[in-house]
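Heads up, the thing below is written out as structure tokens.
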Amino acid sequence: MLTDRTRLHIALQKSGRLSDASRELLRDAGFRIQSGKNSLTARVENYPAELMFVRDDDIPTFVSDGACEFGIVGQNVLEEFALGQADLGYDLLAELGFGRCSLKIAAPEATPYDGPQSLEGQRIATSYPRILARFLERNGIDATIVTMNGAVELAPRLQIASFLCDLVSTGATLEANGLRALDTVLESQAVLIRTRRPMDDVRADIAAGLMSRIDGVLATKE
Ligand code: PRT
Ligand code: ZN
């Protein structure tokens, strides 16, 4: 990716649950974003920054590598990434108060559950294998993790696993699939992260200015 090194780069989800609120936060902070929903980048007209619209799963990597100095991503995605890294390449700057959801253990309504020990020896489907592995380890449970990239709610019906571990916000999807939430593995919301790669003085100043504007918006929302 060829990027303009006099500008800061902010990685945002291109299209998905975090997209609108991420742009809105930057707008509330006074940044004028060029329109054009289908482009992959957008300049901030009144600040030396450029937005990079990417898959949310790529945001921790881009920020850690320094391809983007800042990023907005869900803690669920960030934590799953972090658990696979020996050294963290980013700092968590702020919780943003949107994109809230919980990573929950769930199962068909009739499945008995008396706490994590009910998971012993079971198969659990998830898109978050590292976060689930940590939860099982902390609870001293030995279970088989089945990694799926989507449609995790189907796992019991497909007889791939008797339990699942997936994101829940309203709970409507669980209910529609005859599933019941049993335990919470992680609470999540969108967060702002910054690369640990050193910046030159000019860009460090631009970064500090960006942060103070965002802090200003967050302060009014507390
Ligand atoms: O294309 P890209 O890879 O960027 O997007 P994506 O499809 O991976 O992510 P997306 O847009 O679905 O979600 C982005 C982020 O939003 C997630 O990583 C979470 O941090 C956050 N978020 C908040 C959610 C939900 N709420 C949520 N409900 N992500 C997913 N869901 C799913 C949930 O798993 C369920 O299947 O939405 C479904 C409906 O949920 P209920 O409980 O409201 O029915
Ligand atoms: Zn994704």
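Chain lettering (A, B, ...) mirrors the order of the structure tokens, residue numbering begins at 1 for each chain separately, and ligand numbering begins at 1 in order of display.
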Fill in: Arg197 in chain A environment, 12 Å, only C-alpha atoms, sequence neighbours closer than 2 positions dropped, as a PyMOL selection string
chain A and resi 62-70+88-91+194-195+199-200+203-204
Please build the interface table for chain A against ligand 2 with a cut-off of 9 Å, listing for each qualifying residue the nearest atom pair and the distance in Å to one decimal; count only C-alpha atoms and all ligand atoms, order rows by chain and increasing number, and write it as JSON lines.
```
{"residue": "A:Gln13", "atom": "CA", "partner": "ligand 2", "partner_atom_place_in_ligand_line": "1 (Zn)", "distance": 8.5}
{"residue": "A:Gly16", "atom": "CA", "partner": "ligand 2", "partner_atom_place_in_ligand_line": "1 (Zn)", "distance": 8.4}
{"residue": "A:Arg55", "atom": "CA", "partner": "ligand 2", "partner_atom_place_in_ligand_line": "1 (Zn)", "distance": 5.6}
{"residue": "A:Asp56", "atom": "CA", "partner": "ligand 2", "partner_atom_place_in_ligand_line": "1 (Zn)", "distance": 4.8}
{"residue": "A:Asp57", "atom": "CA", "partner": "ligand 2", "partner_atom_place_in_ligand_line": "1 (Zn)", "distance": 4.7}
{"residue": "A:Asp58", "atom": "CA", "partner": "ligand 2", "partner_atom_place_in_ligand_line": "1 (Zn)", "distance": 8.0}
{"residue": "A:Val77", "atom": "CA", "partner": "ligand 2", "partner_atom_place_in_ligand_line": "1 (Zn)", "distance": 7.9}
```
Worksheet entry | Selected residue of minimal separation from Leu51 in chain A among A:Ser102, A:Gln85, A:Ser19, A:Asn76, counting only C-alpha atoms | A:Ser19
Discussion item. Please return as a ChimeraX atom specification the residues found within 8 Å of ligand 1, counting only C-alpha atoms and all ligand atoms.
Written reply: /A:13-19,54-57,73-77,99-102,151-153,166-175,188-190
Taking only C-alpha atoms into account, produce a table as CSV in which each residue of range 31-107 of chain A with an atom at most 9 Å from an atom of range 131-134 of chain A appears once, together with its shortest atom pair and the distance in Å to one decimal, ordered by chain and rising number.
```
residue,atom,partner,partner_atom,distance
A:Asn76,CA,A:Ile131,CA,8.3
A:Glu79,CA,A:Ile131,CA,7.1
A:Glu80,CA,A:Ile131,CA,5.8
A:Leu83,CA,A:Ile131,CA,7.4
```
Worksheet item: Running DSSP on the backbone, which parts of range 24-81 of chain A land in strand (DSSP E), as a ChimeraX atom specification?
Response: /A:41-43,49-54,70-74
Go ahead and save the residues from that selection, with C-alpha atoms, as a JSON list (two decimals), in the first residue's frame.
```
[["chain", "number", "residue", "atom", "x", "y", "z"],
["A", 41, "THR", "CA", -9.94, 5.74, 1.08],
["A", 42, "ALA", "CA", -11.18, 9.22, 1.96],
["A", 43, "ARG", "CA", -9.22, 12.33, 2.81],
["A", 49, "ALA", "CA", -5.37, 12.52, 7.80],
["A", 50, "GLU", "CA", -6.72, 9.89, 5.47],
["A", 51, "LEU", "CA", -9.26, 7.16, 6.20],
["A", 52, "MET", "CA", -8.57, 3.63, 4.97],
["A", 53, "PHE", "CA", -11.70, 1.46, 4.63],
["A", 54, "VAL", "CA", -10.87, -2.20, 5.24],
["A", 70, "PHE", "CA", -4.88, 4.61, 14.18],
["A", 71, "GLY", "CA", -7.75, 2.16, 13.91],
["A", 72, "ILE", "CA", -11.27, 1.60, 15.21],
["A", 73, "VAL", "CA", -12.18, -2.03, 15.83],
["A", 74, "GLY", "CA", -14.26, -4.25, 18.13]]
```
Practice prompt. Name the closest residue to Phe81 in chain A among the candidates A:Ser127, A:Thr220, A:Ser162, A:Thr111; distances are taken between atoms, counting only C-alpha atoms.
Written response: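 Ranked by minimum distance to Phe81 in chain A, first place goes to A:Ser127.
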Item to complete: Enumerate, as a ChimeraX atom specification, the complete set of residues in range 83-144 of chain A that a backbone-based DSSP assignment places in helix (DSSP H, G or I).
Response: /A:116-119,129-138
So that I have them on file, write out the residues from the current selection with C-alpha atoms, as a compact mmCIF listing (two decimals), in the first residue's frame.
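This went into selection-v3.txt:
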```txt
# COMPACT_ATOMS: atom_id res chain seq x y z
CA PRO A 116 -18.53 -23.94 32.72
CA GLN A 117 -18.08 -27.48 34.08
CA SER A 118 -21.00 -28.51 31.84
CA LEU A 119 -18.66 -27.87 28.90
CA PRO A 129 -10.93 -19.91 19.12
CA ARG A 130 -8.23 -18.09 21.14
CA ILE A 131 -10.66 -16.16 23.35
CA LEU A 132 -12.66 -19.34 23.94
CA ALA A 133 -9.50 -21.34 24.69
CA ARG A 134 -8.54 -18.76 27.35
CA PHE A 135 -12.01 -18.94 28.92
CA LEU A 136 -11.84 -22.76 29.06
CA GLU A 137 -8.32 -22.69 30.46
CA ARG A 138 -9.25 -20.17 33.17
```
Item to complete: Could you check which of A:Val202, A:Ala161, A:Ala110, A:Ala208 is closest to Val146 in chain A, using only C-alpha atoms?
Response: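 Among the listed residues, the smallest separation from Val146 in chain A belongs to A:Ala161.
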Worksheet item: Nearest to Gln159 in chain A among A:Asp142, A:Ala125, A:Leu40, A:Leu186, with distances taken over only C-alpha atoms: which residue is it?
Response: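 Of A:Asp142, A:Ala125, A:Leu40, A:Leu186, the one nearest Gln159 in chain A is A:Ala125, counting only C-alpha atoms.
Of the residues under consideration (A:Tyr47, A:Asp183, A:Gly121, A:Cys165), A:Tyr47 shows the shortest atom-to-atom contact distance to His9 in chain A when counting only C-alpha atoms.
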Practice prompt. Might you pull out every residue within 7 Å of Thr184 in chain A, with only C-alpha atoms counted and same-chain residues fewer than 3 positions away left off, and present them as an MDAnalysis selection string?
Written response: chainID A and resid 102:105
Since we have the selection now, will you write its residues out, keeping C-alpha atoms, as an mmCIF file, in the first residue's frame?
```
data_model
loop_
_atom_site.group_PDB
_atom_site.id
_atom_site.type_symbol
_atom_site.label_atom_id
_atom_site.label_comp_id
_atom_site.auth_asym_id
_atom_site.auth_seq_id
_atom_site.Cartn_x
_atom_site.Cartn_y
_atom_site.Cartn_z
ATOM 1 C CA SER A 102 -21.046 -9.957 24.239
ATOM 2 C CA LEU A 103 -19.306 -13.141 23.265
ATOM 3 C CA LYS A 104 -21.506 -15.816 24.826
ATOM 4 C CA ILE A 105 -21.661 -19.554 25.236
#
```
Worksheet item: Counting only C-alpha atoms, what is within 12 Å of Arg27 in chain A, bar same-chain residues fewer than 3 positions away, as JSON, numbers by chain?
Response: {"A": [20, 21, 22, 23, 24, 30, 31, 32, 33, 34, 35, 44, 45, 46, 47, 210, 213, 214, 217]}
